[in-house]
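Colleague: Data file structure-v6.pdb (PDB, C-alpha atoms and all ligand atoms) is appended below.
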ATOM      1  CA  MET A 746       0.000   0.000   0.000
ATOM      2  CA  ASN A 747       1.256   3.436  -0.929
ATOM      3  CA  THR A 748       1.061   5.280   2.392
ATOM      4  CA  PRO A 749       2.491   8.747   3.107
ATOM      5  CA  THR A 750       4.839   9.281   6.021
ATOM      6  CA  GLY A 751       2.682  10.375   8.906
ATOM      7  CA  ILE A 752       0.124   7.604   8.401
ATOM      8  CA  ARG A 753       1.152   4.306   9.946
ATOM      9  CA  LEU A 754      -0.122   1.130  11.520
ATOM     10  CA  SER A 755      -0.187   1.572  15.280
ATOM     11  CA  PRO A 756      -1.703  -0.444  18.126
ATOM     12  CA  VAL A 757      -4.801   0.925  19.846
ATOM     13  CA  PRO A 758      -5.404   0.312  23.561
ATOM     14  CA  ASP A 759      -6.822  -3.159  24.272
ATOM     15  CA  GLN A 760      -6.245  -4.289  20.675
ATOM     16  CA  ARG A 761      -6.724  -8.049  20.387
ATOM     17  CA  HIS A 762      -4.486 -10.574  18.641
ATOM     18  CA  GLU A 763      -6.409 -13.837  18.278
ATOM     19  CA  SER A 764      -5.006 -16.060  15.525
ATOM     20  CA  ASP A 765      -2.090 -13.607  15.101
ATOM     21  CA  SER A 766      -4.496 -11.059  13.615
ATOM     22  CA  ASP A 767      -4.724  -7.511  14.970
ATOM     23  CA  PHE A 768      -8.287  -6.649  15.944
ATOM     24  CA  PRO A 769      -8.977  -4.018  14.981
ATOM     25  CA  LEU A 770      -6.209  -3.191  12.549
ATOM     26  CA  ALA A 771      -5.484   0.466  13.340
ATOM     27  CA  TYR A 772      -4.018   3.335  11.328
ATOM     28  CA  LEU A 773      -2.772   6.414  13.108
ATOM     29  CA  CYS A 774      -2.218   9.778  11.449
ATOM     30  CA  ASP A 775       0.238  11.764  13.531
ATOM     31  CA  ASP A 776       1.274  14.439  11.046
ATOM     32  CA  SER A 777      -0.841  17.585  11.377
ATOM     33  CA  ALA A 778       0.295  18.646   7.887
ATOM     34  CA  ILE A 779      -1.808  15.877   6.331
ATOM     35  CA  ASP A 780      -5.095  17.486   5.302
ATOM     36  CA  LEU A 781      -8.459  16.056   4.336
ATOM     37  CA  ASP A 782      -7.654  16.084   0.603
ATOM     38  CA  GLN A 783      -4.506  14.022   1.164
ATOM     39  CA  THR A 784      -6.410  11.680   3.470
ATOM     40  CA  CYS A 785      -9.140  11.143   0.890
ATOM     41  CA  ASN A 786      -6.560  10.607  -1.856
ATOM     42  CA  TRP A 787      -4.852   7.958   0.262
ATOM     43  CA  VAL A 788      -8.180   6.255   1.017
ATOM     44  CA  GLY A 789      -9.246   6.358  -2.639
ATOM     45  CA  GLU A 790      -5.928   5.040  -3.992
ATOM     46  CA  ASN A 791      -5.942   2.183  -1.504
ATOM     47  CA  ARG A 792      -9.640   1.438  -1.276
ATOM     48  CA  ASP A 793      -9.304  -2.157  -2.525
ATOM     49  CA  GLN A 794      -6.665  -2.936   0.074
ATOM     50  CA  LEU A 795      -8.526  -1.148   2.879
ATOM     51  CA  LEU A 796     -11.733  -3.046   2.147
ATOM     52  CA  ALA A 797      -9.784  -6.312   1.941
ATOM     53  CA  LEU A 798      -8.168  -5.518   5.291
ATOM     54  CA  ALA A 799     -11.625  -4.911   6.794
ATOM     55  CA  THR A 800     -12.641  -8.387   5.630
ATOM     56  CA  GLU A 801      -9.396  -9.996   6.793
ATOM     57  CA  HIS A 802      -9.339  -8.356  10.224
ATOM     58  CA  GLY A 803     -13.047  -7.665  10.712
ATOM     59  CA  ALA A 804     -12.414  -4.009  11.551
ATOM     60  CA  VAL A 805     -10.020  -1.198  10.617
ATOM     61  CA  ALA A 806      -9.769   1.847  12.896
ATOM     62  CA  PHE A 807      -8.511   5.277  11.790
ATOM     63  CA  ARG A 808      -7.358   7.663  14.511
ATOM     64  CA  GLY A 809      -5.846  11.139  14.343
ATOM     65  CA  PHE A 810      -6.997  11.865  10.797
ATOM     66  CA  PRO A 811      -8.234  15.356   9.820
ATOM     67  CA  THR A 812     -11.877  14.281  10.009
ATOM     68  CA  PRO A 813     -13.240  16.301  12.945
ATOM     69  CA  ASN A 814     -16.778  16.676  11.594
ATOM     70  CA  VAL A 815     -19.530  14.941   9.659
ATOM     71  CA  GLU A 816     -18.485  16.521   6.351
ATOM     72  CA  GLY A 817     -15.021  15.004   6.701
ATOM     73  CA  PHE A 818     -16.529  11.616   7.525
ATOM     74  CA  ASP A 819     -18.803  11.817   4.493
ATOM     75  CA  ARG A 820     -15.863  12.602   2.225
ATOM     76  CA  PHE A 821     -13.812   9.768   3.736
ATOM     77  CA  ILE A 822     -16.633   7.322   2.921
ATOM     78  CA  THR A 823     -17.076   8.737  -0.568
ATOM     79  CA  SER A 824     -13.360   8.127  -1.189
ATOM     80  CA  LEU A 825     -13.883   4.417  -0.478
ATOM     81  CA  MET A 826     -16.209   4.259  -3.499
ATOM     82  CA  ILE A 827     -18.729   1.935  -1.899
ATOM     83  CA  GLU A 828     -22.410   2.086  -2.725
ATOM     84  CA  ASN A 829     -24.575   3.821  -0.132
ATOM     85  CA  PHE A 830     -27.212   1.738   1.650
ATOM     86  CA  PRO A 831     -29.685   4.395   2.784
ATOM     87  CA  TYR A 832     -31.410   4.051   6.159
ATOM     88  CA  GLU A 833     -34.840   4.542   4.538
ATOM     89  CA  LYS A 834     -34.333   1.371   2.502
ATOM     90  CA  SER A 835     -33.241  -0.731   5.456
ATOM     91  CA  LEU A 836     -35.503  -2.837   7.637
ATOM     92  CA  SER A 837     -33.526  -1.811  10.722
ATOM     93  CA  ASN A 838     -35.602  -1.517  13.901
ATOM     94  CA  ALA A 839     -33.526   1.358  15.333
ATOM     95  CA  VAL A 840     -34.618   5.001  15.318
ATOM     96  CA  ARG A 841     -32.002   7.109  13.518
ATOM     97  CA  ILE A 842     -31.637  10.636  12.191
ATOM     98  CA  ASN A 843     -29.924  11.360   8.875
ATOM     99  CA  ARG A 844     -27.151  13.965   8.901
ATOM    100  CA  THR A 845     -26.099  13.627   5.268
ATOM    101  CA  PRO A 846     -27.629  11.323   2.639
ATOM    102  CA  ARG A 847     -25.237   8.591   3.773
ATOM    103  CA  VAL A 848     -24.513   9.456   7.415
ATOM    104  CA  PHE A 849     -26.955   9.052  10.302
ATOM    105  CA  SER A 850     -27.003   8.807  14.074
ATOM    106  CA  ALA A 851     -26.046   5.262  15.067
ATOM    107  CA  ASN A 852     -29.031   4.708  17.355
ATOM    108  CA  GLU A 853     -31.139   7.282  19.184
ATOM    109  CA  ALA A 854     -31.811   4.980  22.142
ATOM    110  CA  PRO A 855     -31.261   6.652  25.579
ATOM    111  CA  PRO A 856     -27.809   6.458  27.255
ATOM    112  CA  ASP A 857     -28.776   3.805  29.778
ATOM    113  CA  VAL A 858     -29.911   1.413  27.053
ATOM    114  CA  ARG A 859     -27.232  -1.130  26.244
ATOM    115  CA  ILE A 860     -27.252  -2.563  22.742
ATOM    116  CA  PHE A 861     -26.013  -6.138  22.584
ATOM    117  CA  PHE A 862     -23.771  -7.757  20.000
ATOM    118  CA  HIS A 863     -25.200  -8.172  16.532
ATOM    119  CA  HIS A 864     -24.418  -8.154  12.857
ATOM    120  CA  GLU A 865     -26.226  -5.176  11.378
ATOM    121  CA  MET A 866     -29.597  -6.203   9.924
ATOM    122  CA  ALA A 867     -28.747  -9.916   9.979
ATOM    123  CA  GLN A 868     -32.348 -10.355  11.185
ATOM    124  CA  THR A 869     -33.706  -9.138   7.843
ATOM    125  CA  PRO A 870     -33.380 -10.338   4.238
ATOM    126  CA  ILE A 871     -31.291  -7.268   3.330
ATOM    127  CA  TYR A 872     -28.148  -6.169   5.111
ATOM    128  CA  PRO A 873     -25.043  -4.049   4.489
ATOM    129  CA  LYS A 874     -21.649  -5.590   3.749
ATOM    130  CA  TYR A 875     -19.834  -2.627   5.352
ATOM    131  CA  ILE A 876     -20.510  -0.288   8.257
ATOM    132  CA  LEU A 877     -18.535   2.814   9.124
ATOM    133  CA  PHE A 878     -18.736   4.516  12.506
ATOM    134  CA  PHE A 879     -17.519   8.019  13.299
ATOM    135  CA  CYS A 880     -17.172   9.869  16.594
ATOM    136  CA  GLU A 881     -18.456  13.444  16.569
ATOM    137  CA  VAL A 882     -18.742  13.823  20.358
ATOM    138  CA  ALA A 883     -17.042  11.380  22.736
ATOM    139  CA  PRO A 884     -19.039  10.428  25.855
ATOM    140  CA  GLU A 885     -17.726  11.378  29.292
ATOM    141  CA  ILE A 886     -18.228   7.901  30.733
ATOM    142  CA  GLY A 887     -18.827   4.615  28.921
ATOM    143  CA  GLY A 888     -20.368   4.511  25.464
ATOM    144  CA  GLU A 889     -17.681   2.285  23.976
ATOM    145  CA  THR A 890     -18.485   0.365  20.818
ATOM    146  CA  PRO A 891     -17.578  -3.262  21.531
ATOM    147  CA  LEU A 892     -16.524  -5.279  18.505
ATOM    148  CA  CYS A 893     -16.228  -9.058  18.242
ATOM    149  CA  ARG A 894     -14.719 -11.340  15.610
ATOM    150  CA  SER A 895     -17.635 -13.522  14.667
ATOM    151  CA  ASP A 896     -15.523 -16.165  12.882
ATOM    152  CA  ILE A 897     -13.524 -16.804  16.045
ATOM    153  CA  LEU A 898     -16.672 -16.797  18.151
ATOM    154  CA  TYR A 899     -18.324 -19.341  15.865
ATOM    155  CA  SER A 900     -15.357 -21.709  15.741
ATOM    156  CA  ARG A 901     -15.235 -21.756  19.559
ATOM    157  CA  LEU A 902     -18.993 -22.129  19.849
ATOM    158  CA  ALA A 903     -18.938 -25.053  17.417
ATOM    159  CA  GLU A 904     -16.236 -26.735  19.554
ATOM    160  CA  ARG A 905     -18.158 -26.263  22.797
ATOM    161  CA  CYS A 906     -21.728 -26.722  21.547
ATOM    162  CA  PRO A 907     -21.500 -28.836  18.362
ATOM    163  CA  GLU A 908     -25.160 -29.864  18.384
ATOM    164  CA  PHE A 909     -26.337 -26.278  18.701
ATOM    165  CA  ALA A 910     -23.975 -25.172  15.924
ATOM    166  CA  ALA A 911     -25.300 -27.933  13.660
ATOM    167  CA  LYS A 912     -28.876 -26.961  14.501
ATOM    168  CA  CYS A 913     -28.119 -23.331  13.638
ATOM    169  CA  GLU A 914     -26.673 -24.366  10.273
ATOM    170  CA  GLN A 915     -29.540 -26.742   9.456
ATOM    171  CA  ALA A 916     -32.529 -24.783  10.741
ATOM    172  CA  GLY A 917     -31.417 -21.148  10.708
ATOM    173  CA  LEU A 918     -33.264 -18.576  12.781
ATOM    174  CA  GLN A 919     -36.387 -16.483  12.592
ATOM    175  CA  TYR A 920     -37.166 -13.306  14.465
ATOM    176  CA  THR A 921     -40.346 -11.753  15.770
ATOM    177  CA  ASN A 922     -40.682  -8.150  16.771
ATOM    178  CA  VAL A 923     -43.445  -5.701  17.527
ATOM    179  CA  MET A 924     -43.153  -2.355  15.779
ATOM    180  CA  PRO A 925     -44.959   0.675  17.207
ATOM    181  CA  GLY A 926     -47.418   2.820  15.265
ATOM    182  CA  SER A 927     -45.114   5.823  15.688
ATOM    183  CA  ASN A 928     -41.383   6.154  16.402
ATOM    184  CA  ASP A 929     -40.495   5.431  20.028
ATOM    185  CA  PRO A 930     -37.134   7.078  20.724
ATOM    186  CA  ASN A 931     -37.015   5.515  24.201
ATOM    187  CA  SER A 932     -36.398   2.070  22.757
ATOM    188  CA  GLY A 933     -33.366   0.635  20.967
ATOM    189  CA  MET A 934     -35.863  -0.934  18.570
ATOM    190  CA  GLY A 935     -38.519   1.754  18.458
ATOM    191  CA  ARG A 936     -38.746   2.445  14.725
ATOM    192  CA  SER A 937     -42.376   2.634  13.603
ATOM    193  CA  TRP A 938     -43.757   0.105  11.139
ATOM    194  CA  GLN A 939     -44.416   2.907   8.659
ATOM    195  CA  SER A 940     -40.773   3.995   8.700
ATOM    196  CA  THR A 941     -39.362   0.454   8.900
ATOM    197  CA  LEU A 942     -41.339  -0.728   5.901
ATOM    198  CA  GLY A 943     -41.318   2.570   3.990
ATOM    199  CA  VAL A 944     -45.133   2.688   3.762
ATOM    200  CA  ASP A 945     -47.949   4.922   5.022
ATOM    201  CA  SER A 946     -50.884   2.508   5.132
ATOM    202  CA  LYS A 947     -51.740  -0.879   6.591
ATOM    203  CA  GLU A 948     -52.345  -2.207   3.077
ATOM    204  CA  GLY A 949     -48.898  -1.035   2.026
ATOM    205  CA  ALA A 950     -47.342  -2.667   5.092
ATOM    206  CA  GLU A 951     -49.053  -5.968   4.361
ATOM    207  CA  ALA A 952     -47.936  -5.941   0.725
ATOM    208  CA  ARG A 953     -44.331  -5.198   1.708
ATOM    209  CA  LEU A 954     -44.250  -7.884   4.395
ATOM    210  CA  GLU A 955     -45.732 -10.462   2.057
ATOM    211  CA  SER A 956     -43.174  -9.617  -0.616
ATOM    212  CA  LEU A 957     -40.435 -10.225   1.974
ATOM    213  CA  GLY A 958     -41.927 -13.529   3.136
ATOM    214  CA  TYR A 959     -42.870 -12.280   6.623
ATOM    215  CA  THR A 960     -45.933 -13.320   8.581
ATOM    216  CA  TYR A 961     -47.668 -10.623  10.639
ATOM    217  CA  GLN A 962     -50.438  -9.718  12.996
ATOM    218  CA  TRP A 963     -51.997  -6.340  13.755
ATOM    219  CA  LEU A 964     -52.294  -5.612  17.455
ATOM    220  CA  GLU A 965     -55.031  -3.537  19.062
ATOM    221  CA  ASN A 966     -52.842  -0.575  19.948
ATOM    222  CA  GLY A 967     -51.726   0.199  16.386
ATOM    223  CA  CYS A 968     -48.611  -1.960  16.686
ATOM    224  CA  LEU A 969     -47.561  -4.531  14.114
ATOM    225  CA  LYS A 970     -46.092  -7.895  15.113
ATOM    226  CA  ALA A 971     -43.985  -9.373  12.332
ATOM    227  CA  THR A 972     -42.067 -12.636  12.013
ATOM    228  CA  THR A 973     -39.328 -13.017   9.435
ATOM    229  CA  PRO A 974     -39.003 -15.986   7.127
ATOM    230  CA  PRO A 975     -36.258 -18.402   8.244
ATOM    231  CA  LEU A 976     -32.895 -16.706   7.783
ATOM    232  CA  PRO A 977     -29.359 -18.105   7.964
ATOM    233  CA  ALA A 978     -27.708 -18.266  11.389
ATOM    234  CA  VAL A 979     -24.234 -18.936  10.005
ATOM    235  CA  MET A 980     -22.491 -17.489   6.952
ATOM    236  CA  GLU A 981     -19.545 -18.960   5.065
ATOM    237  CA  THR A 982     -17.690 -15.721   4.315
ATOM    238  CA  THR A 983     -14.736 -17.375   2.601
ATOM    239  CA  PRO A 984     -14.252 -21.096   1.918
ATOM    240  CA  GLY A 985     -13.827 -22.770   5.287
ATOM    241  CA  GLN A 986     -14.454 -19.605   7.310
ATOM    242  CA  LYS A 987     -17.853 -19.357   8.946
ATOM    243  CA  THR A 988     -19.248 -16.486  10.975
ATOM    244  CA  PHE A 989     -22.163 -16.393  13.421
ATOM    245  CA  PHE A 990     -24.015 -14.002  11.138
ATOM    246  CA  ASN A 991     -27.278 -13.366  12.965
ATOM    247  CA  GLN A 992     -28.909 -11.229  15.650
ATOM    248  CA  LEU A 993     -29.237 -14.036  18.154
ATOM    249  CA  ILE A 994     -27.414 -12.363  21.028
ATOM    250  CA  ALA A 995     -29.108  -8.969  20.615
ATOM    251  CA  ALA A 996     -32.548 -10.485  20.175
ATOM    252  CA  TYR A 997     -32.133 -12.860  23.115
ATOM    253  CA  CYS A 998     -30.625 -10.306  25.506
ATOM    254  CA  GLY A 999     -31.923  -7.033  24.375
ATOM    255  CA  TRP A1000     -35.106  -7.046  22.349
ATOM    256  CA  LYS A1001     -36.965  -5.823  25.351
ATOM    257  CA  ASP A1002     -39.193  -2.796  25.589
ATOM    258  CA  GLU A1003     -42.825  -2.157  26.463
ATOM    259  CA  ARG A1004     -43.912  -4.045  23.327
ATOM    260  CA  ASN A1005     -41.325  -6.825  23.072
ATOM    261  CA  ASP A1006     -40.543  -9.902  25.146
ATOM    262  CA  PRO A1007     -37.074 -11.336  24.378
ATOM    263  CA  SER A1008     -38.214 -14.907  25.018
ATOM    264  CA  GLU A1009     -40.596 -14.537  22.073
ATOM    265  CA  ALA A1010     -38.153 -12.751  19.801
ATOM    266  CA  ILE A1011     -36.181 -15.615  18.319
ATOM    267  CA  ARG A1012     -36.670 -19.242  17.298
ATOM    268  CA  HIS A1013     -34.972 -21.627  14.957
ATOM    269  CA  GLY A1014     -36.344 -21.521  11.433
ATOM    270  CA  ASP A1015     -38.327 -24.727  12.082
ATOM    271  CA  GLY A1016     -40.111 -22.995  14.981
ATOM    272  CA  SER A1017     -38.196 -24.803  17.737
ATOM    273  CA  ARG A1018     -36.831 -22.994  20.776
ATOM    274  CA  LEU A1019     -33.141 -22.296  21.195
ATOM    275  CA  ASP A1020     -30.918 -24.250  23.575
ATOM    276  CA  ALA A1021     -30.641 -21.689  26.389
ATOM    277  CA  ASP A1022     -27.343 -23.124  27.687
ATOM    278  CA  ALA A1023     -25.719 -22.881  24.260
ATOM    279  CA  VAL A1024     -27.019 -19.338  23.821
ATOM    280  CA  ARG A1025     -25.387 -18.480  27.149
ATOM    281  CA  VAL A1026     -22.086 -19.868  25.840
ATOM    282  CA  ALA A1027     -22.404 -17.671  22.726
ATOM    283  CA  ILE A1028     -23.110 -14.593  24.852
ATOM    284  CA  ASP A1029     -20.159 -15.345  27.152
ATOM    285  CA  LEU A1030     -17.837 -15.925  24.173
ATOM    286  CA  SER A1031     -18.852 -12.578  22.650
ATOM    287  CA  GLU A1032     -17.829 -10.794  25.842
ATOM    288  CA  GLU A1033     -14.598 -12.814  26.193
ATOM    289  CA  LEU A1034     -13.609 -11.864  22.653
ATOM    290  CA  ALA A1035     -14.808  -8.252  22.802
ATOM    291  CA  TYR A1036     -12.616  -5.309  21.937
ATOM    292  CA  ASP A1037     -14.116  -2.099  23.340
ATOM    293  CA  HIS A1038     -13.441   0.893  21.103
ATOM    294  CA  ARG A1039     -13.130   3.937  23.355
ATOM    295  CA  TRP A1040     -14.046   6.844  21.128
ATOM    296  CA  GLN A1041     -11.960   9.902  20.468
ATOM    297  CA  VAL A1042     -13.404  12.726  18.390
ATOM    298  CA  GLY A1043     -12.657  12.162  14.706
ATOM    299  CA  ASP A1044     -12.177   8.376  15.003
ATOM    300  CA  ILE A1045     -13.488   6.310  12.102
ATOM    301  CA  VAL A1046     -13.980   2.547  12.280
ATOM    302  CA  LEU A1047     -14.655   0.500   9.149
ATOM    303  CA  LEU A1048     -16.271  -2.911   9.723
ATOM    304  CA  ASP A1049     -16.920  -5.825   7.439
ATOM    305  CA  ASN A1050     -20.381  -6.509   8.826
ATOM    306  CA  THR A1051     -20.220 -10.163   7.803
ATOM    307  CA  VAL A1052     -17.049 -10.738   9.869
ATOM    308  CA  ALA A1053     -17.360  -8.514  12.969
ATOM    309  CA  MET A1054     -20.259  -7.983  15.351
ATOM    310  CA  HIS A1055     -20.798  -4.688  17.141
ATOM    311  CA  ALA A1056     -22.663  -3.446  20.200
ATOM    312  CA  ARG A1057     -22.967  -0.311  22.356
ATOM    313  CA  ARG A1058     -22.159   0.115  26.022
ATOM    314  CA  SER A1059     -24.351   2.408  28.100
ATOM    315  CA  PHE A1060     -22.927   5.861  28.797
ATOM    316  CA  GLU A1061     -23.206   9.162  30.647
ATOM    317  CA  GLY A1062     -23.048  12.571  29.056
ATOM    318  CA  THR A1063     -23.348  13.381  25.380
ATOM    319  CA  ARG A1064     -22.271  10.790  22.831
ATOM    320  CA  LYS A1065     -22.543  11.347  19.129
ATOM    321  CA  VAL A1066     -21.420   8.362  17.137
ATOM    322  CA  LEU A1067     -22.575   8.469  13.526
ATOM    323  CA  ALA A1068     -22.862   5.573  11.127
ATOM    324  CA  SER A1069     -22.974   4.828   7.441
ATOM    325  CA  LEU A1070     -23.918   1.589   5.698
ATOM    326  CA  ALA A1071     -22.747   0.418   2.315
ATOM    327  CA  GLU A1072     -23.111  -2.336  -0.284
ATOM    328  CA  MET A1073     -26.569  -3.865   0.120
ATOM    329  CA  ARG A1074     -26.661  -7.676   0.116
ATOM    330  CA  THR A1075     -29.563 -10.081   0.369
ATOM    331  CA  GLN A1076     -29.941 -13.393   2.147
ATOM    332  CA  SER A1077     -32.485 -16.208   2.195
ATOM    333  CA  PHE A1078     -32.595 -19.642   3.732
ATOM    334  CA  ALA A1079     -34.233 -23.012   3.176
ATOM    335  CA  VAL A1080     -34.617 -25.031   6.357
ATOM    336  CA  GLN A1081     -33.039 -28.477   5.835
ATOM    337  CA  GLY A1082     -35.826 -31.024   5.669
ATOM    338  CA  GLY A1083     -38.246 -28.429   4.318
ATOM    339  CA  PRO A1084     -40.720 -26.196   6.103
ATOM    340  CA  ARG A1085     -42.288 -27.446   9.303
TER
HETATM  341 FE    FE A1101     -26.011  -1.931  14.890
END
If you convert what's in this file into structure tokens, what do you get?

Modeller:
Amino acid sequence: MNTPTGIRLSPVPDQRHESDSDFPLAYLCDDSAIDLDQTCNWVGENRDQLLALATEHGAVAFRGFPTPNVEGFDRFITSLMIENFPYEKSLSNAVRINRTPRVFSANEAPPDVRIFFHHEMAQTPIYPKYILFFCEVAPEIGGETPLCRSDILYSRLAERCPEFAAKCEQAGLQYTNVMPGSNDPNSGMGRSWQSTLGVDSKEGAEARLESLGYTYQWLENGCLKATTPPLPAVMETTPGQKTFFNQLIAAYCGWKDERNDPSEAIRHGDGSRLDADAVRVAIDLSEELAYDHRWQVGDIVLLDNTVAMHARRSFEGTRKVLASLAEMRTQSFAVQGGPR
């Protein structure tokens, strides 16, 4: 890679080194003479390598670059030449606010709400290949973004709970959630059904859900309960490398608000309940393997969403971490042995 003096690989605090691989890989810019144009030129010239490094390592962090504000972040992303995946098109259940056409608040949930490990939108048929995070305002206390290598997690889970791993591969997962009739900013999953589905009528919602293969039920209070078709629980990202590409941990631990009961949120694709002991092992492994990114203003983190999971610790004070999604992909799943 053609890299100017002043930009170099450098460890970040608490960086992990499983399988001799830095996690995250981290670039530091420590030359104040390097401006945004030079940064964007470097990113653009090396975009293939940077994206490949995100896939190899799961995450690449950029610290000390001249990207103090949202405009700089937007230009950094544009230099990577990856296709925007707009929030409006996503089936994400989080409430977010757009700042530029491709940059939005990561999740508007209150500071005390912890968001558990997940692959972005792995609980829907469409998901982004890449996610970028950016720190506009660092929190006073807490608010780290934990990251976890999902390939390492899955290989350890498969060793410790082989039957559960096989069940995940054979039967996949399906998710149920209750969407409110209007945005609920007090919930980590409070996006209204109108916004989630990009519709303004019940008829429109039903047509969209049917096109996606969901089943649904209207509730008395204007809420919509929707269940996904069976989706994969495990992804083979490269030959021989599998990741735990799903929202199992987040759904099991965290899909809890006044409308949602986590014990109802997730099943295998054949309708069977999950092995609670094995789920506990997966949750414990995610914390054992976690790297907590402690934000500094201007930090950018690029994730390959199919390789690394992310989460959010609770915090105090003001925290503004922005996000951008790129390269829409689709997924579907056929339960082995056919539908139940
Ligand atoms: Fe997320």

Colleague: With the PyMOL selection byres (((chain A and resi 831-837) around 7) and not hetatm) as the selection, what would be picked from this file? Answer as a PyMOL selection string, please.

Modeller: chain A and resi 829-830+838-839+847+866+869+941-943

Colleague: Could you tell me, as JSON, numbers by chain, exactly which residues end up selected when the PyMOL selection byres (((not hetatm)) within 7 of (chain A and resi 1101)) is applied to this structure?

Modeller: {"A": [863, 864, 865, 1055, 1056]}

Colleague: Between A:Glu881, A:Asp896, A:Asp945, A:Asp929, which has the minimum distance to Asp1044 in chain A (counting all atoms listed in the file)?

Modeller: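 Nearest candidate to Asp1044 in chain A out of A:Glu881, A:Asp896, A:Asp945, A:Asp929: A:Glu881.
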
Colleague: Could you check which of A:Tyr772, A:Tyr875, A:Trp1040, A:Phe849 is closest to Thr784 in chain A, using all atoms listed in the file?

Modeller: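 Going through A:Tyr772, A:Tyr875, A:Trp1040, A:Phe849 one by one, the smallest distance to Thr784 in chain A is for A:Tyr772.
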
Colleague: Between A:Ala806, A:Ala978, A:Leu877, A:Val858, which has the minimum distance to Ala916 in chain A (counting only C-alpha atoms)?

Modeller: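 Answer, going by the shortest atom-to-atom distance: A:Ala978.
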
Colleague: Please identify all polymer residues within 10 Å of Thr823 in chain A, counting all atoms listed in the file, omitting same-chain residues fewer than 4 positions from it, and present them as a CSV table (one decimal) with C-alpha atoms, keeping the file's coordinate frame.

Modeller:
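Full text of around10.csv as output:
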chain,number,residue,atom,x,y,z
A,785,CYS,CA,-9.1,11.1,0.9
A,788,VAL,CA,-8.2,6.3,1.0
A,789,GLY,CA,-9.2,6.4,-2.6
A,817,GLY,CA,-15.0,15.0,6.7
A,818,PHE,CA,-16.5,11.6,7.5
A,819,ASP,CA,-18.8,11.8,4.5
A,827,ILE,CA,-18.7,1.9,-1.9
A,828,GLU,CA,-22.4,2.1,-2.7
A,829,ASN,CA,-24.6,3.8,-0.1
A,847,ARG,CA,-25.2,8.6,3.8

Colleague: Name the residues that the PyMOL selection byres (((chain A and resi 992) around 12) and not hetatm) picks from the file above, as a PyMOL selection string, using the file's chain letters and numbers.

Modeller: chain A and resi 837-838+860-869+872+895+917-921+976-979+988-991+993-1000+1007+1010-1012+1024+1027-1028+1050-1051+1054-1056

Colleague: Mind dumping a table of every range 881-986 of chain A residue within 12 Å of range 1060-1082 of chain A, with the nearest atom pair and its distance in Å to one decimal, using all atoms listed in the file, sorted by chain and rising number, as a tab-separated table?

Modeller:
residue	atom	partner	partner_atom	distance
A:Glu881	CA	A:Lys1065	CA	5.3
A:Val882	CA	A:Lys1065	CA	4.7
A:Ala883	CA	A:Arg1064	CA	5.3
A:Pro884	CA	A:Arg1064	CA	4.4
A:Glu885	CA	A:Gly1062	CA	5.5
A:Ile886	CA	A:Glu1061	CA	5.1
A:Gly887	CA	A:Phe1060	CA	4.3
A:Gly888	CA	A:Phe1060	CA	4.4
A:Glu889	CA	A:Phe1060	CA	8.0
A:Thr890	CA	A:Val1066	CA	9.3
A:Ala911	CA	A:Gln1081	CA	11.0
A:Lys912	CA	A:Gln1081	CA	9.7
A:Cys913	CA	A:Val1080	CA	9.9
A:Glu914	CA	A:Gln1081	CA	8.8
A:Gln915	CA	A:Gln1081	CA	5.3
A:Ala916	CA	A:Val1080	CA	4.9
A:Gly917	CA	A:Val1080	CA	6.7
A:Leu918	CA	A:Phe1078	CA	9.1
A:Gln919	CA	A:Phe1078	CA	10.1
A:Leu957	CA	A:Ser1077	CA	10.0
A:Gly958	CA	A:Ser1077	CA	9.9
A:Tyr959	CA	A:Ser1077	CA	12.0
A:Thr973	CA	A:Ser1077	CA	10.5
A:Pro974	CA	A:Phe1078	CA	8.1
A:Pro975	CA	A:Phe1078	CA	5.9
A:Leu976	CA	A:Phe1078	CA	5.0
A:Pro977	CA	A:Phe1078	CA	5.5
A:Ala978	CA	A:Phe1078	CA	9.2
A:Val979	CA	A:Phe1078	CA	10.5
A:Met980	CA	A:Gln1076	CA	9.8

Colleague: With distances taken over only C-alpha atoms, which of A:Ile897, A:Met746, A:Ala910, A:Met924 is nearest to Thr972 in chain A?

Modeller: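 With only C-alpha atoms as the atom set, the closest residue is A:Met924.
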
Colleague: Let me make sure I understand: among A:Ala797, A:Val848, A:Val1042, A:Cys893, which one has the smallest atom-to-atom distance to Val815 in chain A if we use all atoms listed in the file?

Modeller: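 Checking each of A:Ala797, A:Val848, A:Val1042, A:Cys893 against Val815 in chain A, counting all atoms listed in the file, the winner is A:Val848.
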
Colleague: Would you work out the distance separating CA of Cys774 in chain A from CA of Phe879 in chain A, expressed in Å to one decimal?

Modeller: 15.5 Å

Colleague: Would you please work out which residue, of A:Leu754, A:Met934, A:Cys968, A:Ile876, is nearest to Arg859 in chain A when using all atoms listed in the file?

Modeller: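 Result for the nearest residue to Arg859 in chain A: A:Met934.
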
Colleague: Would you work out the distance separating CA of Trp963 in chain A from CA of Pro855 in chain A, expressed in Å to one decimal?

Modeller: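 So the answer is 27.2 Å.
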